Structure formats: structure tokens, C-alpha cells
Amino acid sequence: MSVRSIGWNPVMKTDPRILRRPPPLGRRGLILLLIVAAAVFAWQGLGLSLGQLGAGNGGGWSLAGDFFGAALSPALHYEAELVPAGTTHFLLRVLESVRATVVFAAAGMSLALVLGLVLGCLASEAWWEGSGRIGTSLRWVLRALIVMMRSVHELLWAVVFLAAFGAAPATAVIAIALPFGGTLAKVFSEMIDEAPRRPSQALLALGATPAQRFLFSLLPSAAPDMASYAFYRFECAVRSAAVMGFFGIPTLGYFLKLSFENLHFREVWTYLYALIAVVLLLEGWSALLRRRFVA
Amino acid sequence: MAAASFMLRGVEVRFGGTQVLREVDLDVVAGERIALVGPSGAGKTTLLRVLNGVVQPTAGHGLMDGTDLSSLRPGELRAWRARVGFVPQDHALVPNLRVVQNVVSGRLGRRGFWSAARSLAFPTRSDLEAAHALLERVGIEEKLYARTDTLSGGQQQRVAIARALFQEPDALLADEPVASVDPARARDLIRLLTELAEERGLTLIASLHDLALAREFFPRVIGLRAGRKVVDGRPASLNEEDVRALYRLEPGHED
């Protein structure tokens, strides 16, 4: 018996219709074009040009030059000529502002984590599996609540609560906890629903209840992603807590604003570098933990 | 521990428009060891899932230890499932839990929620000892605290077997337990399964692709083709004609 050639045969001609390429500018090309058009439209609509920069601050480009020049020599002492005796050293004040910022962020995040975990589990499809129409409608009520929590930005919540409760620490904590809890709940519920279902089906086969299957298979499967995302949100909380200082809460933004108003740009840069350092530290910490999760 | 018996009468299973099982009659005596063979898509997995009480027959009856599964309430059905160990083809373990946690999850069907939650976080001494003994029996006792996804496919298969045994089942159903291991390991795994069933007096039904393994280790072979039971008997009574008919490809019917 002769060896029969399988696969590509140079003598046989392939039907040219099979090789015909799909059109290069199909649906995807159209979407890409629309995105570019939207960007051009936005820039055109705002009449953006680099010439505008510096026109609005009264000092023109020279003020901008002062500001960015200060970036190269951040302050190590107060820039003011006269510093009252007994004032804390500038660098100590920077450290204190960083500490306060992280503490506010941590307090807000801890509350947000509880909210996010509870609401995230309850808002997942998997939690209500097989519970019929009542479960589905309860889930939609929860999802609406979650949307309400996160559709208002934490800075807006802060403005609202400041008006209501004044500049108490709890104001800032709740302002962070509400939208962050909502965002965590949304993302956690999606991560739980995207977790592989096969282990959960195996637990069904050995007689586990729906709640046990949730706890033993879906939640552990989603846990590493959830932890990683929570870390990222903590980073966001630090930044938000810093900005809340602009509204009078004693975080980094509060001191940064004071330096700004006095045109002490070198001090401003010290605060900015301190904030960047905190975020970098958090990034390193979460990378370390992620490696341990994966290994 | 009493082994479980199964009786199917005219069982049909239909998923949407596809008929997966047709008029299946089956009697399995407690303690029997059966190989389930047949081409891909013949309905082997579905048959095992019917016996497990996870898939309800569209028509016909499934009697397990004399009780009609369709007459059971949800709690009673879960109690039946807890008596049947199922080793799925893809292991279906939680990848980022430790081996011991996956093994201990085998007894979920016999535990309440809080006791289950505790056994996940803080397994008791007796749980740990039982899990270790089972892992020792399946040959991977050193993996007790390893993360499950660091194990090879064959090792994970053994964890899935240990999980099913931790359940203290009366029957063991294994779906293509050797589909993802090489021939030498396949033989070891099948020997392990049949030995375990024998020493614990369990009813064992394993679906297999390898007819030689089925003949060597199982006193009874059942053949499924396109949802029908076409072979049922001792391996010695299987002739070449039966085997060819079981696996023959039909034009346009290569499911």
C-alpha cells in the first residue's frame, strides 16, 4: 500500500473562497474610527490649544516656570521667613500629614470592605441561584442600592456630609466608605460570578447546600482577585483622603492647600513627593502579597 | 457501611432538543464493580449524574436502594448525594485551596453550614488524620498542605478520589478517571479505584475509554451508544463484533 499524503497537497488547488480575507475595516474598524472621531470632536469642541496654558493664572508662563522649577528642589524646611517658635519641623509636619491621610484611608476602607463583602456576596447571581423570582427581585434592589452608593463620588459625598455634620473625622470616613463599599460590592459580585463553576458543581454532587457551595468553592476561587482589587482601592482611598484635606479635614491636602495659597511651591512638591512615596510603598506591599498568593 | 444499589427503569434524559439517554434499564447490585464504556457523547457522564441524583430523568424512574429519587424532597436528595462519591473527569477541585481543604470538603453533605465553615478554616485533629490517611492510601500524603493547583493532573485526580472517599460514600462513581493520564498511570489509577472499592465494600461504576482496562479490572462491562445501553455482561462475553458495533463511526453521526 502506498503512503497517502495527508494535509497540504501542492497538486490540489485550495478553493480560493476559503482563503478570502475578511474585510479589514469591518465592525472593529468602524468602532475604532468612531473613537478617534469622538476624541477629535472633544478637542475641537473645547478649542484646546497649548497657548491657553498660563493665560488664566495672571503670571503667564513665568509662574508655571516657578512651579515646575520648584519640583527639582522640594522644601526640607518651611519657606516662610518667619516661623513662630515651637512650630513642628516641616518634615515632621509632612510625615504627620501622611500618617493622617493613611489613617483616614484605612478607616474608610475597613468600613468599605465590610460593606463590599456583604453586599458583594448578596448581589452576586450565584448567591441567589435557584431562589426564583423573589431572589431575583431582591438582588435587583441590592444592585440599585450599590449603584446609588457609587454613583456619587467620594469628594461629593464629603461635600454633602460636611454640610450636614461639619468637618468631623467621621464625615471623611463615611464619605470614603460609601462609594468605595459600592465599588467593591460591584466588582466583588462580578468576580464571584466569574469564578469557575465546576468545583461548585462537584460540591453539589456530594450533597452540599447552596450556601456551603458558595463558601467552599466560589468565594475561595475569587478571593485572590478580590484581595488584589481591594489593595488597589486602598491606594485610591489614600489619594481621596489626601484630596479631602482641601475641605478642611486634616490630611495631606489640607497642608498642601496652605502651602499653595502662600505660593510656597517647594513645600507643595514635598507634599506631592510624600504622596507618591506612600502610593509606591503600597504598590510594593501589594506586589509582595500577590506573589505569596500565587506561589 | 452498606453499599448502595441502583435500579433504572426506562430512563430518558433530554437536554433541550437533544436526547441524551434513551430507555435505559439498569440493575446494579450493592458492591458491584462496573466499567461503563462507549464512544464520546454516548451519554456516560449523564448516566453517572442520574445515578448521583444530580440530573433528573425526563422520563422513567431511578430507584436507589429501592427509593425513587423523584419522590425525594431537596434535603433528602442532598442526603442521597452525600452517600455517593463522584470523581469528576476534570477533578473540579478549588485550585487555590490547600489539598487538605479540598479533601475535607468531601464531607460537606453531612455537615451543617457552621461546622462546614469551621472545618474549612480550622479542620479538627480527626479530620486532619482522616485526610492524611486517605492521601497516604492514594499515594500523595506529602501533599497534605500543598496548594492544589501546584499538583500535576494525575495527583489532582488522586485528591479528587480522596475527597470522594472522605465523604464515606456507599458508592463511588468515576467519570473518565484516566482520561488525562498516561497509560502506565491509568492502569495504576484503575487498580487503585477497584482495590478501594473492594476493601471498603463500595459499589463502583467507572466510565472508561480503554476497553482493555475495563476487561482487566471489572467483572461487568456496560456499553452505551447514542444514549442506549447496547452491551451488558461479563467482559469474557464481549466479542469483537460487539466492540466494533459499539465504536463504529456512522457518517454524519460523529457525536
# chains A, B, ... in the order shown; residues from 1 in each chain; ligands from 1

call {"tool": "select_by_dssp", "arguments": {"residues": "segment 50-171 of chain B", "states": "helix (DSSP H, G or I)", "output": "PyMOL selection string"}}
result
chain B and resi 50-52+69-71+74-83+99-110+113-121+125-138+141-143+148-150+153-166

call {"tool": "residues_around", "arguments": {"residues": "segment 142-151 of chain A", "least_positions_apart": "4", "cutoff": "6 Å", "atoms": "only C-alpha atoms", "output": "PyMOL selection string"}}
result
chain A and resi 178-179+182-183

call {"tool": "residues_around", "arguments": {"residues": "segment 159-167 of chain B", "least_positions_apart": "6", "cutoff": "7 Å", "atoms": "only C-alpha atoms", "output": "mmCIF file with C-alpha atoms, in the first residue's frame"}}
result
data_model
loop_
_atom_site.group_PDB
_atom_site.id
_atom_site.type_symbol
_atom_site.label_atom_id
_atom_site.label_comp_id
_atom_site.auth_asym_id
_atom_site.auth_seq_id
_atom_site.Cartn_x
_atom_site.Cartn_y
_atom_site.Cartn_z
ATOM 1 C CA ALA B 82 -23.855 12.646 50.231
ATOM 2 C CA GLY B 85 -18.893 9.749 45.889
ATOM 3 C CA PHE B 86 -18.360 11.286 42.455
ATOM 4 C CA VAL B 87 -14.925 11.690 40.880
ATOM 5 C CA HIS B 91 -11.226 16.831 39.140
ATOM 6 C CA LEU B 93 -11.121 20.961 42.837
ATOM 7 C CA VAL B 99 -5.178 19.851 49.306
ATOM 8 C CA ASN B 102 -10.395 20.140 49.184
ATOM 9 C CA VAL B 103 -10.361 16.703 50.815
ATOM 10 C CA VAL B 104 -12.245 17.890 53.898
ATOM 11 C CA SER B 105 -14.904 19.481 51.671
ATOM 12 C CA GLY B 106 -15.942 15.902 50.830
ATOM 13 C CA ARG B 107 -17.999 15.698 53.997
ATOM 14 C CA ALA B 131 -7.471 13.269 55.299
ATOM 15 C CA LEU B 134 -6.661 8.862 52.653
ATOM 16 C CA LEU B 135 -3.894 10.792 50.899
#

call {"tool": "interface_residues", "arguments": {"of": "chain B", "to": "chain A", "cutoff": "8 Å", "atoms": "only C-alpha atoms", "output": "JSON, numbers by chain"}}
result
{"B": [52, 53, 54, 77, 78, 79, 80, 81, 82, 83, 84, 85, 86, 88, 92, 93, 94, 95, 96, 97, 105, 106, 107, 108, 109, 110, 113, 116, 117, 120, 164, 167]}

call {"tool": "closest_atom_pairs", "arguments": {"of": "segment 17-87 of chain A", "to": "segment 259-265 of chain A", "cutoff": "10 Å", "atoms": "only C-alpha atoms", "output": "CSV"}}
result
residue,atom,partner,partner_atom,distance
A:Leu63,CA,A:Leu263,CA,9.8
A:Asp66,CA,A:Phe265,CA,7.7
A:Phe67,CA,A:Phe265,CA,5.8
A:Phe68,CA,A:Phe265,CA,8.4
A:Gly69,CA,A:Phe265,CA,8.9
A:Ala70,CA,A:Phe265,CA,5.9
A:Ala71,CA,A:Phe265,CA,8.0
A:Ser73,CA,A:Phe265,CA,9.6
A:Pro74,CA,A:Phe265,CA,8.1
A:Ala75,CA,A:Phe265,CA,8.4
A:Tyr78,CA,A:His264,CA,8.5
A:Glu79,CA,A:His264,CA,6.3
A:Ala80,CA,A:His264,CA,7.9

call {"tool": "write_last_selection", "arguments": {"atoms": "N, CA and C atoms", "output": "PDB file, in the first residue's frame"}}
result
ATOM      1  N   LEU A  63       5.005  81.950  35.995  1.00  0.00           N
ATOM      2  CA  LEU A  63       4.500  81.290  37.197  1.00  0.00           C
ATOM      3  C   LEU A  63       4.610  79.778  37.051  1.00  0.00           C
ATOM      4  N   ASP A  66       8.116  78.863  37.641  1.00  0.00           N
ATOM      5  CA  ASP A  66       8.424  78.817  39.077  1.00  0.00           C
ATOM      6  C   ASP A  66       7.963  77.498  39.673  1.00  0.00           C
ATOM      7  N   PHE A  67       6.717  77.160  39.316  1.00  0.00           N
ATOM      8  CA  PHE A  67       6.112  75.981  39.922  1.00  0.00           C
ATOM      9  C   PHE A  67       6.887  74.717  39.568  1.00  0.00           C
ATOM     10  N   PHE A  68       7.148  74.550  38.261  1.00  0.00           N
ATOM     11  CA  PHE A  68       7.824  73.312  37.864  1.00  0.00           C
ATOM     12  C   PHE A  68       9.293  73.339  38.235  1.00  0.00           C
ATOM     13  N   GLY A  69       9.864  74.535  38.311  1.00  0.00           N
ATOM     14  CA  GLY A  69      11.240  74.641  38.769  1.00  0.00           C
ATOM     15  C   GLY A  69      11.367  74.146  40.200  1.00  0.00           C
ATOM     16  N   ALA A  70      10.341  74.416  41.010  1.00  0.00           N
ATOM     17  CA  ALA A  70      10.363  74.005  42.415  1.00  0.00           C
ATOM     18  C   ALA A  70      10.392  72.496  42.565  1.00  0.00           C
ATOM     19  N   ALA A  71       9.940  71.789  41.518  1.00  0.00           N
ATOM     20  CA  ALA A  71       9.916  70.334  41.588  1.00  0.00           C
ATOM     21  C   ALA A  71      11.314  69.763  41.808  1.00  0.00           C
ATOM     22  N   SER A  73      13.715  71.127  43.539  1.00  0.00           N
ATOM     23  CA  SER A  73      14.256  71.364  44.883  1.00  0.00           C
ATOM     24  C   SER A  73      13.120  71.444  45.908  1.00  0.00           C
ATOM     25  N   PRO A  74      12.528  70.277  46.206  1.00  0.00           N
ATOM     26  CA  PRO A  74      11.452  70.276  47.203  1.00  0.00           C
ATOM     27  C   PRO A  74      11.965  70.784  48.543  1.00  0.00           C
ATOM     28  N   ALA A  75      11.057  71.409  49.298  1.00  0.00           N
ATOM     29  CA  ALA A  75      11.470  72.047  50.554  1.00  0.00           C
ATOM     30  C   ALA A  75      11.790  71.011  51.616  1.00  0.00           C
ATOM     31  N   TYR A  78      10.380  75.047  56.300  1.00  0.00           N
ATOM     32  CA  TYR A  78       9.333  75.983  55.889  1.00  0.00           C
ATOM     33  C   TYR A  78       9.945  77.041  55.004  1.00  0.00           C
ATOM     34  N   GLU A  79       9.181  77.468  54.002  1.00  0.00           N
ATOM     35  CA  GLU A  79       9.705  78.506  53.113  1.00  0.00           C
ATOM     36  C   GLU A  79       9.481  79.898  53.682  1.00  0.00           C
ATOM     37  N   ALA A  80       8.550  80.030  54.653  1.00  0.00           N
ATOM     38  CA  ALA A  80       8.243  81.347  55.213  1.00  0.00           C
ATOM     39  C   ALA A  80       9.472  81.911  55.916  1.00  0.00           C
TER      40      ALA A  80
END

call {"tool": "residues_around", "arguments": {"residues": "Leu192 of chain B", "least_positions_apart": "3", "cutoff": "10 Å", "atoms": "only C-alpha atoms", "output": "list in words"}}
result
Arg137, Val138, Gly139, Arg158, Ile161, Ala186, Arg187, Asp188, Leu189, Glu195, Leu196, Ala197 and Glu198 of chain B

call {"tool": "residues_around", "arguments": {"residues": "segment 11-26 of chain B", "least_positions_apart": "2", "cutoff": "6 Å", "atoms": "only C-alpha atoms", "output": "list in words"}}
result
Met7, Leu8, Arg9, Gly43, Pro57, Thr58, Ala59, Gly60, His61, Gly227 and Arg228 of chain B

call {"tool": "decode", "arguments": {"residues": "segment 98-126 of chain B", "atoms": "N, CA and C atoms", "output": "tab-separated table (two decimals), in the first residue's frame"}}
result
chain	number	residue	atom	x	y	z
B	98	ARG	N	-5.82	24.63	49.80
B	98	ARG	CA	-4.86	23.55	50.06
B	98	ARG	C	-5.53	22.21	49.81
B	99	VAL	N	-4.68	21.20	49.56
B	99	VAL	CA	-5.18	19.85	49.31
B	99	VAL	C	-6.10	19.41	50.45
B	100	VAL	N	-5.66	19.65	51.70
B	100	VAL	CA	-6.44	19.18	52.84
B	100	VAL	C	-7.83	19.81	52.83
B	101	GLN	N	-7.92	21.08	52.42
B	101	GLN	CA	-9.23	21.74	52.41
B	101	GLN	C	-10.16	21.12	51.36
B	102	ASN	N	-9.58	20.79	50.20
B	102	ASN	CA	-10.39	20.14	49.18
B	102	ASN	C	-10.86	18.76	49.65
B	103	VAL	N	-9.97	18.03	50.34
B	103	VAL	CA	-10.36	16.70	50.82
B	103	VAL	C	-11.47	16.81	51.86
B	104	VAL	N	-11.28	17.74	52.81
B	104	VAL	CA	-12.25	17.89	53.90
B	104	VAL	C	-13.62	18.33	53.37
B	105	SER	N	-13.62	19.04	52.23
B	105	SER	CA	-14.90	19.48	51.67
B	105	SER	C	-15.76	18.29	51.25
B	106	GLY	N	-15.17	17.09	51.18
B	106	GLY	CA	-15.94	15.90	50.83
B	106	GLY	C	-17.09	15.61	51.78
B	107	ARG	N	-16.95	16.04	53.03
B	107	ARG	CA	-18.00	15.70	54.00
B	107	ARG	C	-19.04	16.81	54.15
B	108	LEU	N	-19.02	17.81	53.25
B	108	LEU	CA	-19.96	18.93	53.34
B	108	LEU	C	-21.39	18.47	53.44
B	109	GLY	N	-21.73	17.42	52.66
B	109	GLY	CA	-23.12	16.97	52.61
B	109	GLY	C	-23.60	16.41	53.93
B	110	ARG	N	-22.68	16.12	54.86
B	110	ARG	CA	-23.08	15.56	56.15
B	110	ARG	C	-22.91	16.58	57.26
B	111	ARG	N	-22.56	17.83	56.88
B	111	ARG	CA	-22.30	18.83	57.91
B	111	ARG	C	-23.22	20.02	57.74
B	112	GLY	N	-23.48	20.71	58.85
B	112	GLY	CA	-24.22	21.96	58.78
B	112	GLY	C	-23.32	23.07	58.29
B	113	PHE	N	-23.88	24.25	58.07
B	113	PHE	CA	-23.11	25.34	57.49
B	113	PHE	C	-21.94	25.74	58.37
B	114	TRP	N	-22.20	25.94	59.67
B	114	TRP	CA	-21.15	26.46	60.55
B	114	TRP	C	-20.07	25.43	60.81
B	115	SER	N	-20.50	24.19	60.97
B	115	SER	CA	-19.49	23.15	61.17
B	115	SER	C	-18.65	22.99	59.90
B	116	ALA	N	-19.27	23.19	58.74
B	116	ALA	CA	-18.53	23.13	57.48
B	116	ALA	C	-17.55	24.30	57.39
B	117	ALA	N	-18.02	25.49	57.77
B	117	ALA	CA	-17.16	26.67	57.71
B	117	ALA	C	-15.95	26.49	58.63
B	118	ARG	N	-16.21	25.90	59.82
B	118	ARG	CA	-15.09	25.69	60.74
B	118	ARG	C	-14.10	24.68	60.16
B	119	SER	N	-14.63	23.63	59.53
B	119	SER	CA	-13.73	22.59	59.01
B	119	SER	C	-12.88	23.12	57.86
B	120	LEU	N	-13.34	24.19	57.21
B	120	LEU	CA	-12.55	24.79	56.12
B	120	LEU	C	-11.37	25.58	56.70
B	121	ALA	N	-11.66	26.38	57.75
B	121	ALA	CA	-10.63	27.24	58.31
B	121	ALA	C	-9.77	26.48	59.33
B	122	PHE	N	-10.42	25.74	60.22
B	122	PHE	CA	-9.70	25.02	61.28
B	122	PHE	C	-10.15	23.57	61.32
B	123	PRO	N	-9.61	22.73	60.43
B	123	PRO	CA	-10.02	21.33	60.46
B	123	PRO	C	-9.62	20.69	61.79
B	124	THR	N	-10.49	19.84	62.32
B	124	THR	CA	-10.19	19.20	63.60
B	124	THR	C	-9.07	18.17	63.41
B	125	ARG	N	-8.52	17.76	64.52
B	125	ARG	CA	-7.44	16.78	64.52
B	125	ARG	C	-7.90	15.50	63.79
B	126	SER	N	-9.13	15.06	64.07
B	126	SER	CA	-9.58	13.80	63.47
B	126	SER	C	-9.81	13.97	61.96
